[in-house]
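**Student:** One structure follows; several queries about it will come next.
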Amino acid sequence: MPQPTHRPLFTTTGDTLVIADFTPRPPRAPGPYRRLFAHPGTRAFTAGNLLARLPMGMFSVSAVVMIAGTRGSYALAGAVSATGLAATAVLAPFTARLIDRHGQARVAVPATLLAALGSLALLLCVRHDAPAWTLFAAYAATATTPNIGGMSRARWAHLLKDDDTSLHTANSFEQAADELCFMLGPVLAALLCGTLFPEAGTLVAAVLLVTGMLLFTAQRSTEPPVQKQPRTRTPLRAPGMPPLLLACLAMGAVFGAMEVVTIAFADARGHASAAGVVLGLQAAGSCGAGLVYGALKPGGRAETRHPWCLAAMTALLTLPLLAAATTGSLLLLAGTLLIAGMATAPTMVTTMTLVQERTPAGRLNEGMTLAVTGLLGGIAGGSAVAGWTAEHLSPTAGYGVPVTTAALALIISLAATAQGRGAG
């Protein structure tokens with residue numbers, strides 16, 4: 001039977017010739033993110049991942065607001081929060097090692113339940129005016145919270161192990177999700193604690209964490225299989241990992257310093273309540289840049305791109321310093337932070353790609369958690385240094401701390417790249 005042919009239809013309307021072409025158009029190729037979530041099970045585990053990840057930006061703010069509001073001491077609230085951060089830095093790599101050894105569902109669920117109990121214990125201790133030491137003990141128990149971002153990246157690495165382009169898109173999406181959750185989490189926590197009751201932020205965060213983790217781990221079809229771990233060296237000693245973790249430490253200092261200095265700068269201008277919005281713009285810039293970066297196909301190896309990303313971060317971080325030093329305008333500062341934030345996601349995506357490449361087989365969760373631990377340690381150190389600078393010099397001078405630590409990360413990356421070429 002002859003196939004119908006599609007020819008243009010010519011007709012006239014008044015003095016105008018109209019051509020109607022009924023030739024079928026070829027379907028548009030799906031975009032990179034549509035292709036990414038075409039894999040079975042990816043949408044379900046991503047929904048659980050986002051639900052469990054949102055509380056990561058809520059717990060610290062909720063704890064500070066809850067403790068300071070009921071005990072009247074920001075010093076106590078900050079000390080309790082710092083204790084939880086230190087405990088997480090110590091325990092997180094061990095939790096990740098157990099996940100690599102026994103599987104995500106078997107370890108992450110009980111670890112999450114224990115962390116949620118720690119949050120509820122903190123809530124009860126605060127509400128019933130328990131001794132101060134119980135607050136430290138309860139919040140330290142939350143350190144068993146698994147690295148949900150690392151587990152999600154491990155699933156993508158398992159599903160896309162033969163597709164580097166899609167894996168790059170997945171890593172970019174995960175970084176954008178990080179930025180989105182850490183942008184919305186503090187806002188949601190402050191809203192809950194302010195409009196309901198001081199413990200509302202912690203309570204809601206614990207419920208979201210458990211619910212999201214149960215949904216995430218229920219997706220067994222996408223869970224990476226447990227590999228029999230040979231007697232390999234720890235990721236901490238894998239080739240190229242020590243300098244990469246040092247760079248993570250320096251990058252964490254960038255983030256910690258920027259947060260403290262921006263709060264101090266806004267407070268000095270009489271707009272302390274606007275600090276969260278200003279910092280949210282930086283996260284928004286990173287989130288948007290991460291999605292765009294994931295849709296592109298960067299050329300060259302991640303090892304080569306890493307110094308360039310850090311160089312861009314260092315250069316863009318001079319913009320907030322210049323805005324604060326020359327104008328003192330909070331509005332202009334917010335615009336420069338939006339621009340400066342655009343370097344964050346590409347840098348972090350490239351960093352996590354290098355972590356995946358350099359981590360020994362079967363220990364990916366541990367390797368990525370070590371990187372996160374480095375970032376947390378840097379955040380704590382950067383916050384302390386920036387706080388001292390803002391208090392003893394000026395908030396404007398404090399913006400030199402993120403520029404300096406970003407430059408330090410760049411020097412570490414350049415030195416490691418040069419050493420690797422020399423060894424090759």
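Following the order of the structure tokens, chains are lettered A, B, ..., residues in each are numbered from 1, and ligands are numbered from 1.
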I'd like to know which residues of region 133-300 of chain A are helix (DSSP H, G or I) (by DSSP, run on the backbone); could you write them as a PyMOL selection string?

**Tutor:** chain A and resi 133-144+148-159+164-195+200-217+220-222+235-237+241-268+272-295

**Student:** Next, write the just-selected residues to a file, as a short mmCIF file (atom, residue, chain, number, x, y, z; two decimals), in the first residue's frame, keeping C-alpha atoms as the atom set.

**Tutor:**
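Result went into selection38.cif, see below:
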data_model
loop_
_atom_site.label_atom_id
_atom_site.label_comp_id
_atom_site.auth_asym_id
_atom_site.auth_seq_id
_atom_site.Cartn_x
_atom_site.Cartn_y
_atom_site.Cartn_z
CA TRP A 133 25.24 18.99 79.87
CA THR A 134 22.25 16.96 78.67
CA LEU A 135 21.90 19.31 75.70
CA PHE A 136 25.45 18.51 74.59
CA ALA A 137 24.91 14.77 75.01
CA ALA A 138 21.60 14.76 73.14
CA TYR A 139 22.84 16.83 70.21
CA ALA A 140 26.00 14.72 69.93
CA ALA A 141 23.75 11.70 69.35
CA THR A 142 22.50 13.27 66.11
CA ALA A 143 25.99 12.72 64.62
CA THR A 144 24.90 9.29 63.36
CA ILE A 148 22.22 11.36 52.34
CA GLY A 149 23.86 13.39 49.58
CA GLY A 150 26.73 10.91 49.41
CA MET A 151 24.37 7.94 49.28
CA SER A 152 22.41 9.56 46.46
CA ARG A 153 25.60 10.26 44.50
CA ALA A 154 26.65 6.65 45.07
CA ARG A 155 23.39 5.48 43.48
CA TRP A 156 23.96 7.68 40.44
CA ALA A 157 27.54 6.43 40.16
CA HIS A 158 26.24 2.84 40.19
CA LEU A 159 23.49 3.48 37.64
CA ASP A 164 30.33 9.95 32.09
CA THR A 165 28.16 12.69 30.55
CA SER A 166 25.03 11.65 32.44
CA LEU A 167 27.05 11.18 35.63
CA HIS A 168 28.26 14.77 35.30
CA THR A 169 24.63 15.89 34.97
CA ALA A 170 23.67 13.83 38.03
CA ASN A 171 26.48 15.29 40.14
CA SER A 172 25.46 18.79 39.07
CA PHE A 173 21.85 18.09 40.02
CA GLU A 174 22.92 16.81 43.42
CA GLN A 175 24.97 19.95 44.06
CA ALA A 176 22.03 22.14 43.03
CA ALA A 177 19.85 20.13 45.42
CA ASP A 178 22.38 20.77 48.21
CA GLU A 179 22.23 24.49 47.60
CA LEU A 180 18.43 24.51 47.39
CA CYS A 181 18.01 22.62 50.67
CA PHE A 182 20.55 24.73 52.53
CA MET A 183 18.82 27.82 51.17
CA LEU A 184 15.27 26.77 52.11
CA GLY A 185 16.09 24.82 55.30
CA PRO A 186 17.08 27.78 57.52
CA VAL A 187 14.14 29.85 56.24
CA LEU A 188 11.68 27.04 57.03
CA ALA A 189 13.26 26.44 60.44
CA ALA A 190 13.08 30.11 61.41
CA LEU A 191 9.48 30.31 60.18
CA LEU A 192 8.38 27.27 62.20
CA CYS A 193 10.17 28.33 65.37
CA GLY A 194 8.91 31.89 65.10
CA THR A 195 5.28 31.29 64.20
CA ALA A 200 8.71 23.23 66.08
CA GLY A 201 11.73 23.43 63.77
CA THR A 202 13.51 20.52 65.41
CA LEU A 203 10.35 18.40 65.54
CA VAL A 204 9.46 18.92 61.88
CA ALA A 205 13.06 18.38 60.78
CA ALA A 206 13.20 15.02 62.61
CA VAL A 207 9.94 13.87 60.99
CA LEU A 208 11.13 14.91 57.52
CA LEU A 209 14.48 13.17 58.01
CA VAL A 210 12.97 9.83 59.04
CA THR A 211 10.23 9.94 56.39
CA GLY A 212 12.64 10.86 53.61
CA MET A 213 15.19 8.24 54.61
CA LEU A 214 12.57 5.49 54.73
CA LEU A 215 11.33 6.47 51.27
CA PHE A 216 14.89 6.66 49.93
CA THR A 217 16.04 3.29 51.29
CA ARG A 220 16.06 -1.21 46.59
CA SER A 221 16.33 -1.54 42.79
CA THR A 222 18.67 1.47 42.58
CA PRO A 235 40.27 6.47 50.90
CA LEU A 236 42.17 8.85 53.17
CA ARG A 237 45.42 7.40 51.79
CA MET A 241 43.02 12.20 48.03
CA PRO A 242 45.03 13.98 50.79
CA PRO A 243 45.50 17.22 48.82
CA LEU A 244 41.90 17.03 47.60
CA LEU A 245 40.66 16.78 51.19
CA LEU A 246 42.89 19.71 52.16
CA ALA A 247 41.27 21.70 49.36
CA CYS A 248 37.86 20.70 50.77
CA LEU A 249 38.97 22.01 54.15
CA ALA A 250 39.90 25.36 52.59
CA MET A 251 36.65 25.51 50.59
CA GLY A 252 34.65 24.81 53.74
CA ALA A 253 36.39 27.79 55.33
CA VAL A 254 35.10 29.91 52.45
CA PHE A 255 31.50 28.94 53.19
CA GLY A 256 31.77 29.28 56.97
CA ALA A 257 33.52 32.64 56.78
CA MET A 258 31.05 34.05 54.26
CA GLU A 259 28.08 33.18 56.45
CA VAL A 260 29.46 34.75 59.62
CA VAL A 261 30.82 37.88 57.92
CA THR A 262 27.59 38.53 56.03
CA ILE A 263 25.55 38.27 59.23
CA ALA A 264 27.98 40.67 60.96
CA PHE A 265 27.92 43.08 58.01
CA ALA A 266 24.11 43.15 57.86
CA ASP A 267 23.90 43.61 61.64
CA ALA A 268 26.37 46.52 61.51
CA ALA A 272 20.34 41.81 60.79
CA SER A 273 17.05 40.20 59.74
CA ALA A 274 18.03 40.55 56.07
CA ALA A 275 21.18 38.42 56.42
CA GLY A 276 19.31 35.20 55.66
CA VAL A 277 17.90 36.60 52.43
CA VAL A 278 21.30 37.91 51.36
CA LEU A 279 22.95 34.53 52.01
CA GLY A 280 20.03 32.88 50.22
CA LEU A 281 20.93 34.80 47.08
CA GLN A 282 24.42 33.31 47.17
CA ALA A 283 22.91 29.82 47.41
CA ALA A 284 20.46 30.68 44.61
CA GLY A 285 23.33 31.70 42.35
CA SER A 286 25.08 28.41 43.05
CA CYS A 287 21.89 26.40 42.51
CA GLY A 288 21.20 28.01 39.13
CA ALA A 289 24.82 27.66 38.01
CA GLY A 290 24.79 24.01 39.05
CA LEU A 291 21.80 23.21 36.86
CA VAL A 292 23.32 25.04 33.89
CA TYR A 293 26.69 23.35 34.44
CA GLY A 294 24.98 19.97 34.48
CA ALA A 295 23.39 20.64 31.09
#

**Student:** At what distance in Å, to one decimal, does CA of Leu310 (chain A) lie from CA of Thr344 (chain A)?

**Tutor:**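 CA of Leu310 (chain A) lies 8.7 Å from CA of Thr344 (chain A).
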
**Student:** If you count only C-alpha atoms, which residues fall within 9 Å of Leu410 (chain A), apart from same-chain ones fewer than 3 positions away, as an MDAnalysis selection string?

**Tutor:** chainID A and resid 247 306:311 314 405:407 413:415

**Student:** So how many Å separate CA of Asp163 (chain A) and CA of Arg97 (chain A), to one decimal?

**Tutor:**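 Calculated distance between CA of Asp163 (chain A) and CA of Arg97 (chain A) is 25.7 Å.
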
**Student:** Work out how far apart CA of Leu338 (chain A) and CA of Ala384 (chain A) are and give it in Å to one decimal.

**Tutor:**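 Separation between CA of Leu338 (chain A) and CA of Ala384 (chain A): 23.6 Å.
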
**Student:** Using only C-alpha atoms for the distances, tell me which of A:Met352, A:Leu51, A:Arg34, A:Ala63 is nearest to Leu120 (chain A).

**Tutor:** A:Ala63

**Student:** Using only C-alpha atoms, which protein or nucleic acid residues come within 10 Å of Arg301 (chain A)? Drop anything in the same chain fewer than 5 positions from it, and give the result as a PDB file with C-alpha atoms, in the first residue's frame.

**Tutor:**
ATOM      1  CA  HIS A 306      39.508  21.810  39.198  1.00  0.00           C
ATOM      2  CA  THR A 350      34.272  18.949  39.942  1.00  0.00           C
ATOM      3  CA  THR A 353      33.860  13.986  40.559  1.00  0.00           C
ATOM      4  CA  LEU A 354      37.504  13.794  41.604  1.00  0.00           C
TER       5      LEU A 354
END
